[in-house]
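Undergrad: Coordinates in data24.cif, mmCIF, C-alpha atoms, are listed below.
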```cif
data_coords
#
loop_
_atom_site.label_atom_id
_atom_site.label_comp_id
_atom_site.auth_asym_id
_atom_site.auth_seq_id
_atom_site.Cartn_x
_atom_site.Cartn_y
_atom_site.Cartn_z
CA MET A 1 65.94 -41.06 115.02
CA PHE A 2 66.05 -38.75 111.96
CA LYS A 3 67.01 -35.19 112.52
CA ASP A 4 64.35 -33.15 110.83
CA THR A 5 61.35 -35.51 110.99
CA GLU A 6 59.08 -32.52 110.54
CA HIS A 7 60.06 -32.36 106.84
CA LEU A 8 59.06 -35.97 106.32
CA ILE A 9 55.72 -35.44 108.02
CA ARG A 10 55.05 -32.42 105.79
CA LEU A 11 55.93 -34.43 102.70
CA ALA A 12 53.64 -37.25 103.80
CA ALA A 13 50.85 -34.73 104.38
CA VAL A 14 51.28 -33.29 100.88
CA ILE A 15 51.18 -36.78 99.37
CA LEU A 16 48.08 -37.65 101.37
CA ILE A 17 46.32 -34.46 100.26
CA LEU A 18 47.19 -35.09 96.60
CA LEU A 19 45.92 -38.66 96.95
CA ALA A 20 42.67 -37.42 98.48
CA VAL A 21 42.24 -34.87 95.66
CA PHE A 22 42.84 -37.63 93.10
CA VAL A 23 40.31 -39.97 94.71
CA LEU A 24 37.70 -37.19 95.00
CA LEU A 25 38.24 -36.00 91.42
CA ARG A 26 38.05 -39.52 90.08
CA ALA A 27 34.81 -40.18 91.94
CA ALA A 28 33.37 -36.98 90.51
CA VAL A 29 34.53 -37.47 86.92
CA VAL A 30 34.12 -41.21 86.25
CA PRO A 31 30.45 -42.13 85.65
CA LYS A 32 28.90 -44.35 88.29
CA SER A 33 28.09 -47.21 85.90
CA PHE A 34 31.62 -47.30 84.41
CA GLY A 35 33.07 -50.78 84.86
CA GLN A 36 29.82 -52.52 85.70
CA TYR A 37 30.21 -54.94 82.76
CA GLY A 38 33.66 -53.96 81.48
CA HIS A 39 35.82 -50.96 80.66
CA TYR A 40 32.88 -48.79 79.54
CA ARG A 41 29.83 -46.94 80.80
CA ALA A 42 27.10 -49.54 81.35
CA ASP A 43 24.36 -46.87 81.20
CA ALA A 44 25.26 -46.29 77.54
CA ILE A 45 23.61 -49.64 76.67
CA ALA A 46 20.24 -48.49 78.01
CA GLU A 47 20.66 -45.08 76.35
CA ILE A 48 21.27 -46.68 72.95
CA ALA A 49 18.36 -49.09 73.45
CA ALA A 50 15.99 -46.25 74.39
CA ARG A 51 15.77 -44.77 70.85
CA THR A 52 12.45 -45.01 69.00
CA PRO A 53 12.39 -47.28 65.93
CA ALA A 54 11.45 -45.62 62.61
CA PHE A 55 10.33 -48.84 60.92
CA ALA A 56 7.24 -50.35 62.50
CA GLY A 57 7.79 -53.92 61.26
CA HIS A 58 5.44 -55.91 59.02
CA ASP A 59 3.62 -57.50 61.97
CA VAL A 60 2.28 -54.08 62.93
CA CYS A 61 1.22 -53.28 59.34
CA GLU A 62 -0.54 -56.62 58.96
CA GLY A 63 -2.55 -55.98 62.12
CA CYS A 64 -4.66 -53.37 60.29
CA HIS A 65 -4.16 -53.92 56.54
CA THR A 66 -5.54 -57.47 56.41
CA ASP A 67 -7.02 -56.95 52.92
CA ILE A 68 -3.55 -56.28 51.51
CA VAL A 69 -2.15 -59.33 53.32
CA ASP A 70 -4.80 -61.50 51.63
CA GLN A 71 -3.93 -59.98 48.24
CA LYS A 72 -0.20 -60.51 48.74
CA LYS A 73 -0.64 -64.14 49.83
CA LEU A 74 -1.85 -65.03 46.33
CA GLY A 75 1.19 -63.73 44.50
CA ARG A 76 4.96 -63.89 44.44
CA HIS A 77 5.33 -60.80 46.59
CA ALA A 78 3.84 -62.72 49.55
CA ASN A 79 6.99 -62.60 51.67
CA ILE A 80 8.09 -59.08 50.88
CA PRO A 81 7.74 -56.92 54.00
CA CYS A 82 5.52 -53.82 53.60
CA GLU A 83 8.19 -51.26 54.44
CA ALA A 84 10.55 -52.60 51.76
CA CYS A 85 8.53 -50.55 49.25
CA HIS A 86 6.50 -48.18 51.44
CA GLY A 87 9.43 -46.96 53.55
CA ALA A 88 9.52 -46.36 57.29
CA GLN A 89 5.97 -46.25 58.66
CA GLY A 90 6.55 -46.11 62.41
CA LYS A 91 4.93 -42.65 62.61
CA HIS A 92 1.93 -43.81 60.58
CA ALA A 93 1.58 -46.84 62.89
CA ASP A 94 1.57 -44.59 65.95
CA ASP A 95 -0.86 -42.12 64.40
CA PRO A 96 -2.86 -43.62 61.49
CA SER A 97 -4.22 -40.17 60.56
CA LEU A 98 -0.76 -39.40 59.10
CA LYS A 99 -1.26 -40.65 55.55
CA PRO A 100 1.93 -41.95 53.95
CA GLN A 101 2.84 -41.06 50.38
CA LEU A 102 2.57 -43.91 47.89
CA PRO A 103 5.88 -44.91 46.30
CA ASP A 104 6.52 -44.22 42.61
CA THR A 105 6.34 -47.65 40.99
CA ALA A 106 8.50 -46.57 38.03
CA VAL A 107 11.38 -46.09 40.48
CA ILE A 108 10.73 -48.59 43.26
CA CYS A 109 10.00 -51.64 41.05
CA ALA A 110 13.07 -51.05 38.91
CA ARG A 111 15.36 -51.07 41.94
CA CYS A 112 14.69 -54.80 42.28
CA HIS A 113 13.66 -55.85 38.77
CA GLU A 114 15.99 -53.83 36.50
CA ALA A 115 18.20 -56.36 34.70
CA ASN A 116 21.72 -56.65 36.05
CA SER A 117 24.27 -59.36 35.40
CA ALA A 118 25.09 -59.57 39.12
CA LYS A 119 21.52 -60.50 40.09
CA PRO A 120 20.69 -64.17 40.60
CA LYS A 121 19.69 -65.70 37.24
CA ALA A 122 16.38 -67.03 38.60
CA PHE A 123 15.28 -63.60 39.77
CA PRO A 124 12.69 -61.97 37.43
CA GLN A 125 14.40 -59.07 35.63
CA VAL A 126 13.45 -56.73 32.80
CA VAL A 127 15.13 -53.89 30.96
CA THR A 128 12.54 -51.26 31.88
CA ALA A 129 13.31 -49.07 28.85
CA ASP A 130 12.32 -51.94 26.51
CA HIS A 131 9.68 -53.43 28.79
CA SER A 132 7.59 -50.37 29.59
CA GLY A 133 9.39 -47.37 28.11
CA GLY A 134 9.33 -45.52 31.44
CA LEU A 135 5.62 -46.10 32.04
CA ALA A 136 4.70 -46.57 35.71
CA CYS A 137 4.68 -50.30 36.46
CA ASN A 138 1.30 -50.16 38.18
CA SER A 139 -0.31 -49.19 34.86
CA CYS A 140 -0.43 -52.94 34.20
CA HIS A 141 0.80 -54.77 37.34
CA LYS A 142 -0.75 -54.67 40.79
CA PRO A 143 2.27 -54.28 43.05
CA HIS A 144 0.81 -56.49 45.82
CA ARG A 145 0.03 -59.29 43.36
CA PRO A 146 2.15 -58.53 40.33
CA LYS A 147 1.27 -61.33 37.90
CA ILE A 148 -1.12 -60.01 35.26
CA GLU A 149 -4.11 -62.35 35.46
CA ASP A 150 -6.03 -63.10 32.29
CA GLU A 151 -9.34 -63.45 34.14
CA PRO A 152 -11.41 -61.00 32.06
CA LYS A 153 -10.59 -62.75 28.78
CA ASN A 154 -11.25 -66.29 30.05
CA ALA A 155 -14.14 -65.46 32.37
CA GLY A 156 -16.76 -65.70 29.63
CA THR A 157 -15.32 -68.64 27.71
CA LYS A 158 -14.82 -70.97 30.67
CA PRO A 159 -17.68 -73.45 30.96
CA ALA A 160 -19.59 -73.16 34.19
CA GLY A 161 -18.23 -75.60 36.75
CA GLY A 162 -15.40 -76.48 34.39
CA LYS A 163 -12.09 -77.99 35.40
CA MET B 1 26.95 -26.28 113.69
CA ASP B 2 28.11 -22.88 112.51
CA ILE B 3 28.85 -22.58 108.83
CA THR B 4 32.24 -21.00 108.81
CA ARG B 5 34.00 -20.01 105.61
CA ARG B 6 36.32 -22.99 106.01
CA ARG B 7 33.48 -25.50 106.44
CA LEU B 8 31.63 -24.06 103.46
CA LEU B 9 34.70 -24.57 101.28
CA VAL B 10 34.74 -28.25 102.26
CA LEU B 11 30.99 -28.77 101.95
CA LEU B 12 30.49 -27.19 98.50
CA PRO B 13 32.52 -29.69 96.43
CA ALA B 14 31.02 -32.60 98.37
CA ALA B 15 27.51 -31.32 97.64
CA ALA B 16 28.38 -30.88 93.95
CA VAL B 17 29.53 -34.50 93.70
CA ALA B 18 26.39 -35.76 95.46
CA TRP B 19 24.11 -33.66 93.20
CA LYS B 20 25.71 -35.10 90.07
CA TYR B 21 24.74 -38.64 91.16
CA ILE B 22 21.20 -37.57 92.03
CA GLN B 23 20.78 -36.00 88.60
CA ALA B 24 22.28 -38.86 86.59
CA GLY B 25 19.76 -41.56 87.52
CA THR B 26 19.40 -44.69 85.38
CA PRO B 27 17.79 -44.42 81.93
CA GLU B 28 14.83 -46.66 81.28
CA ALA B 29 15.90 -49.96 79.76
CA ALA B 30 13.73 -52.14 77.53
CA PRO B 31 11.42 -54.23 79.72
CA ASN B 32 11.61 -58.03 79.62
CA TYR B 33 14.93 -57.94 77.79
CA LYS B 34 17.76 -59.81 79.46
CA MET B 35 21.18 -59.27 77.94
CA ALA B 36 22.48 -62.60 79.27
CA GLU B 37 19.95 -64.52 77.16
CA HIS B 38 21.11 -63.27 73.75
CA TRP B 39 24.17 -63.40 71.53
CA TRP B 40 23.52 -61.51 68.33
CA GLY B 41 24.87 -62.02 64.84
CA MET B 42 23.62 -61.93 61.27
CA LEU B 43 23.29 -64.29 58.36
CA ILE B 44 23.81 -63.05 54.80
CA ASP B 45 22.76 -65.32 51.96
CA ILE B 46 24.70 -63.99 48.98
CA PRO B 47 22.85 -66.01 46.28
CA LYS B 48 19.64 -64.25 47.39
CA CYS B 49 20.96 -60.68 47.25
CA ILE B 50 19.65 -58.67 44.29
CA GLY B 51 21.52 -55.46 45.11
CA CYS B 52 18.34 -53.37 45.37
CA GLY B 53 19.77 -51.15 48.11
CA SER B 54 16.69 -51.39 50.35
CA CYS B 55 18.88 -52.23 53.35
CA VAL B 56 21.13 -49.21 52.79
CA ARG B 57 18.17 -46.83 52.49
CA ALA B 58 16.42 -48.33 55.51
CA CYS B 59 19.57 -48.12 57.62
CA SER B 60 20.08 -44.45 56.70
CA GLU B 61 16.51 -43.63 57.64
CA GLU B 62 16.38 -45.68 60.82
CA ASN B 63 19.70 -44.42 62.16
CA ASP B 64 19.84 -40.94 60.64
CA VAL B 65 23.11 -41.72 58.85
CA PRO B 66 24.59 -38.61 57.13
CA ASP B 67 24.66 -38.58 53.31
CA GLY B 68 27.77 -40.18 51.87
CA TYR B 69 28.39 -42.29 55.00
CA PHE B 70 27.21 -45.84 55.50
CA ARG B 71 26.60 -48.18 58.39
CA THR B 72 25.81 -50.87 55.82
CA TRP B 73 26.53 -50.90 52.11
CA ILE B 74 26.47 -53.25 49.14
CA GLU B 75 29.41 -54.11 46.90
CA ARG B 76 29.12 -55.46 43.39
CA TYR B 77 31.85 -57.94 42.53
CA HIS B 78 33.02 -58.78 39.06
CA VAL B 79 35.43 -61.69 38.99
CA PRO B 80 36.87 -61.89 35.44
CA ASP B 81 37.34 -65.24 33.74
CA TRP B 82 41.08 -64.79 33.92
CA LYS B 83 42.86 -62.70 36.58
CA ILE B 84 40.43 -64.08 39.11
CA GLU B 85 42.81 -62.90 41.81
CA ARG B 86 41.96 -59.30 40.84
CA PRO B 87 38.20 -58.94 41.29
CA GLU B 88 36.65 -55.59 40.40
CA VAL B 89 34.56 -54.15 43.22
CA GLU B 90 32.26 -51.16 43.04
CA SER B 91 29.75 -49.60 45.37
CA PRO B 92 28.21 -46.43 43.87
CA ASN B 93 26.87 -44.37 46.80
CA GLY B 94 26.99 -47.55 48.87
CA GLY B 95 24.43 -49.16 46.57
CA LYS B 96 21.79 -46.89 48.13
CA GLN B 97 20.01 -46.31 44.81
CA GLY B 98 20.71 -49.78 43.51
CA PHE B 99 23.29 -50.46 40.79
CA PRO B 100 23.40 -49.22 37.21
CA PRO B 101 22.89 -52.03 34.68
CA ASN B 102 26.08 -53.64 33.48
CA GLU B 103 26.57 -55.48 30.24
CA ILE B 104 29.37 -57.72 31.48
CA SER B 105 28.86 -61.22 30.13
CA ASP B 106 32.11 -62.89 31.18
CA GLY B 107 33.19 -64.02 34.61
CA LYS B 108 31.20 -64.08 37.76
CA ASN B 109 29.09 -61.21 39.07
CA PHE B 110 27.38 -60.96 42.43
CA PHE B 111 26.49 -58.61 45.28
CA VAL B 112 27.95 -58.63 48.79
CA PRO B 113 26.15 -56.65 51.50
CA LYS B 114 28.50 -55.48 54.23
CA LEU B 115 28.08 -54.16 57.74
CA CYS B 116 29.78 -54.30 61.11
CA ASN B 117 30.66 -57.92 61.84
CA HIS B 118 30.02 -57.49 65.58
CA CYS B 119 33.24 -59.33 66.33
CA ALA B 120 33.47 -61.15 69.63
CA ASP B 121 37.18 -60.20 69.78
CA SER B 122 36.83 -56.85 68.06
CA PRO B 123 39.98 -54.92 67.19
CA CYS B 124 38.08 -51.61 67.31
CA THR B 125 37.06 -51.87 70.96
CA GLN B 126 40.56 -52.89 72.01
CA VAL B 127 42.14 -49.66 70.78
CA CYS B 128 39.64 -47.23 72.32
CA PRO B 129 41.60 -45.19 74.87
CA VAL B 130 38.57 -44.11 76.90
CA GLY B 131 36.19 -47.07 76.84
CA ALA B 132 33.69 -45.38 74.52
CA THR B 133 33.23 -48.47 72.39
CA PHE B 134 32.67 -51.93 73.69
CA VAL B 135 31.15 -55.37 73.10
CA SER B 136 27.89 -55.47 75.04
CA PRO B 137 27.05 -58.55 77.16
CA ASP B 138 24.73 -59.69 74.33
CA GLY B 139 27.47 -59.51 71.70
CA VAL B 140 26.82 -56.18 69.94
CA VAL B 141 29.66 -53.73 69.32
CA LEU B 142 28.33 -50.34 70.38
CA VAL B 143 29.60 -46.75 70.59
CA ASP B 144 28.88 -44.54 73.58
CA LYS B 145 28.64 -41.26 71.68
CA ASN B 146 28.58 -39.23 74.92
CA TYR B 147 31.95 -40.67 75.88
CA CYS B 148 33.70 -40.79 72.49
CA LEU B 149 36.54 -38.30 71.95
CA GLY B 150 36.60 -38.69 68.17
CA CYS B 151 40.25 -39.77 68.15
CA ARG B 152 39.67 -42.12 65.15
CA TYR B 153 41.74 -45.00 66.52
CA CYS B 154 38.80 -47.37 66.06
CA VAL B 155 38.20 -46.18 62.49
CA GLN B 156 41.73 -47.28 61.63
CA ALA B 157 41.56 -50.48 63.67
CA CYS B 158 38.46 -51.96 62.02
CA PRO B 159 39.73 -54.37 59.32
CA TYR B 160 36.34 -54.23 57.57
CA GLY B 161 36.10 -50.43 57.20
CA CYS B 162 32.82 -50.33 59.07
CA ARG B 163 33.39 -47.19 61.11
CA PHE B 164 33.35 -43.49 60.29
CA ILE B 165 33.37 -40.17 62.10
CA ASN B 166 29.98 -38.50 62.02
CA PRO B 167 30.65 -35.00 60.64
CA LYS B 168 27.91 -33.46 62.83
CA THR B 169 28.84 -34.96 66.20
CA ASN B 170 32.55 -35.64 65.45
CA THR B 171 32.24 -38.96 67.21
CA ALA B 172 32.75 -42.48 65.90
CA GLU B 173 29.71 -44.15 64.41
CA LYS B 174 28.92 -47.63 63.15
CA CYS B 175 26.19 -50.24 62.80
CA SER B 176 24.57 -50.83 66.18
CA LEU B 177 22.73 -53.91 64.86
CA CYS B 178 19.69 -51.68 65.49
CA TYR B 179 20.15 -52.25 69.20
CA HIS B 180 17.11 -50.05 69.92
CA ARG B 181 15.01 -52.44 67.79
CA ILE B 182 16.35 -55.88 68.70
CA THR B 183 15.96 -55.17 72.42
CA LYS B 184 12.28 -54.46 71.73
CA GLY B 185 11.71 -57.76 69.93
CA LEU B 186 11.95 -56.28 66.41
CA THR B 187 14.47 -57.24 63.76
CA THR B 188 17.03 -54.75 62.39
CA ALA B 189 15.86 -52.17 59.83
CA CYS B 190 17.96 -53.79 57.07
CA CYS B 191 16.59 -57.28 57.76
CA GLU B 192 13.06 -55.88 58.07
CA VAL B 193 13.06 -54.45 54.54
CA CYS B 194 15.14 -57.06 52.69
CA PRO B 195 12.72 -58.24 49.98
CA THR B 196 14.42 -61.58 49.32
CA GLY B 197 15.41 -62.58 52.85
CA ALA B 198 19.09 -62.31 52.01
CA ARG B 199 19.76 -60.74 55.42
CA GLN B 200 18.59 -62.38 58.62
CA LEU B 201 19.19 -61.34 62.18
CA ALA B 202 20.43 -64.28 64.25
CA ASP B 203 20.30 -64.83 67.99
CA LEU B 204 22.91 -67.52 68.56
CA LYS B 205 21.87 -68.09 72.18
CA ASN B 206 18.27 -68.80 71.23
CA PRO B 207 18.01 -72.56 70.52
CA LYS B 208 14.82 -71.97 68.47
CA ASP B 209 16.46 -69.50 66.10
CA PRO B 210 16.44 -70.90 62.51
CA ILE B 211 20.11 -69.90 62.23
CA HIS B 212 21.16 -73.12 63.96
CA GLU B 213 19.49 -75.34 61.38
CA PHE B 214 20.94 -73.18 58.61
CA LEU B 215 24.48 -73.37 60.01
CA LYS B 216 24.22 -77.16 60.29
CA THR B 217 23.12 -77.63 56.70
CA HIS B 218 25.21 -74.98 54.93
CA THR B 219 28.86 -74.05 54.69
CA VAL B 220 29.16 -70.47 55.82
CA GLN B 221 32.15 -68.15 56.04
CA VAL B 222 33.05 -64.96 57.81
CA LEU B 223 35.04 -62.09 56.29
CA LYS B 224 38.81 -62.13 56.91
CA PRO B 225 38.82 -65.21 59.15
CA HIS B 226 42.63 -65.06 59.30
CA MET B 227 42.35 -61.93 61.46
CA ALA B 228 40.69 -63.97 64.23
CA THR B 229 38.23 -61.23 65.05
CA GLY B 230 35.46 -63.64 66.00
CA ALA B 231 33.19 -62.07 63.37
CA LYS B 232 29.50 -62.92 63.80
CA VAL B 233 28.17 -61.95 60.38
CA PHE B 234 28.00 -65.25 58.52
CA TYR B 235 28.05 -65.32 54.73
CA ASN B 236 26.48 -68.19 52.83
CA GLY B 237 27.60 -68.92 49.28
CA MET B 238 30.43 -66.41 49.40
CA ASP B 239 33.06 -66.54 46.69
CA GLY B 240 36.68 -66.79 47.77
CA SER B 241 37.45 -63.52 45.98
CA VAL B 242 35.48 -61.45 48.50
CA ARG B 243 37.71 -59.27 50.65
#
```
Represent the supplied structure as structure tokens.
TA:
Amino acid sequence: MFKDTEHLIRLAAVILILLAVFVLLRAAVVPKSFGQYGHYRADAIAEIAARTPAFAGHDVCEGCHTDIVDQKKLGRHANIPCEACHGAQGKHADDPSLKPQLPDTAVICARCHEANSAKPKAFPQVVTADHSGGLACNSCHKPHRPKIEDEPKNAGTKPAGGK
Amino acid sequence: MDITRRRLLVLLPAAAVAWKYIQAGTPEAAPNYKMAEHWWGMLIDIPKCIGCGSCVRACSEENDVPDGYFRTWIERYHVPDWKIERPEVESPNGGKQGFPPNEISDGKNFFVPKLCNHCADSPCTQVCPVGATFVSPDGVVLVDKNYCLGCRYCVQACPYGCRFINPKTNTAEKCSLCYHRITKGLTTACCEVCPTGARQLADLKNPKDPIHEFLKTHTVQVLKPHMATGAKVFYNGMDGSVR
């Protein structure tokens, strides 16, 4: 038998207390969901997913603005989503009384159609300074159906029921 | 039972621990969304990109990205006719306002949109000392901003330069693949506004996703494949000069 066993018992007691403090502190400090899927806080996933989207998505827009959808279908802008030009409209979708500001066509059209050697060759491009001299694009083009139709000129000359 | 001073000293910390759990609760998750049924990635069709910057603007607005920082950005490449091993790359303000016209007639010019590659074996999550960044069970690399220390290890570890420290919160920030949108059945903000369809969200676990047909009929690449990061942003028609 050891001589002063009391010392060893005291030492063991101290170690046990420290261990208990560690276990208690760890339980208090480490979030409950930590380690559920891996070395991270699983609740963070739900927290990140809970944010409200700013962009409503074109399906929501098309639910109300059916007239614009019909217009767009006829032209080359058919597949361009509404918020590409109109910006985030989530708030307007939630509360339609909030009227969004219309985009400035002189700026927004040029972002896509200003000539640039890095753009695909088949993509319609203009040098706006030569093309319109800074005039707003919607002076001539309808943004939803941009091709300028020559209906008014031909309307009278076309024979009725013609080909 | 009498409450003695000694008993009170034992009971108080225990009560504090219990109260913390009662308060924490579980935040409301998106209904009908099962993480096990998805594996997210993105497809970028370079020949369709016109460098308009719509994606960069939409991302900033959707995610409240501070000015001068980018979760996604566009690079304009100029590969000269000779010295093709030294392409010139520029990205003025991340391409947020589009690109100034250039009169270059020689060589090859094209745009490359970039974002987090949501690597399956991501270097950035491996270096996080506290478990504040991770690959979610549906394959999205996310940052737990309430847990991040702002130590910047992940910013250095990302081989694609996709991370930054948000100057307001001093925590790491990056593309979340609009996790708050895709879990609600929407597409990401950048894919939503892309006018030419150059960016498409892809759910690789969904057999009906058009990505599968596209991958079968096209040769796609990922960025820096030699780093074996398991990147899930697939580039179609990408020139070998892209870094």
Undergrad: Let me make sure I understand: among B:Pro113, B:Pro225, B:Pro100, B:Pro207, which one has the smallest atom-to-atom distance to chain A if we use all atoms listed in the file?
TA: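 So, comparing all the options, the nearest one is B:Pro100.
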Undergrad: For this structure, which residues satisfy the selection - the PyMOL selection byres ((chain A and resi 72-83) around 8) - when it is evaluated on the file as given? I want them as number ranges by chain.
TA: A: 55, 57-58, 61, 68-71, 84-89, 144-147; B: 192-196
Undergrad: How many Å separate CA of Lys168 (chain B) from CA of Arg41 (chain A)?
TA: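 Atom-to-atom, CA of Lys168 (chain B) and CA of Arg41 (chain A) are spaced 22.5 Å apart.
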Undergrad: Run the PyMOL selection byres ((chain B) within 6 of (chain A)) on the file and write out the hits as an MDAnalysis selection string.
TA: chainID B and resid 17 29 50 52 62 98 101:102 109:110 131 144 179:180 193 195
Undergrad: Expanded to explicit residues, what is the PyMOL selection byres ((chain B and resi 47) around 8) for this file, as number ranges by chain?
TA: A: 120; B: 45-46, 48-49, 110, 198, 236-237
Undergrad: Could those residues be written to a file, using C-alpha atoms, as a CSV table (one decimal), in the frame of the given file?
TA:
```
chain,number,residue,atom,x,y,z
A,120,PRO,CA,20.7,-64.2,40.6
B,45,ASP,CA,22.8,-65.3,52.0
B,46,ILE,CA,24.7,-64.0,49.0
B,48,LYS,CA,19.6,-64.2,47.4
B,49,CYS,CA,21.0,-60.7,47.2
B,110,PHE,CA,27.4,-61.0,42.4
B,198,ALA,CA,19.1,-62.3,52.0
B,236,ASN,CA,26.5,-68.2,52.8
B,237,GLY,CA,27.6,-68.9,49.3
```
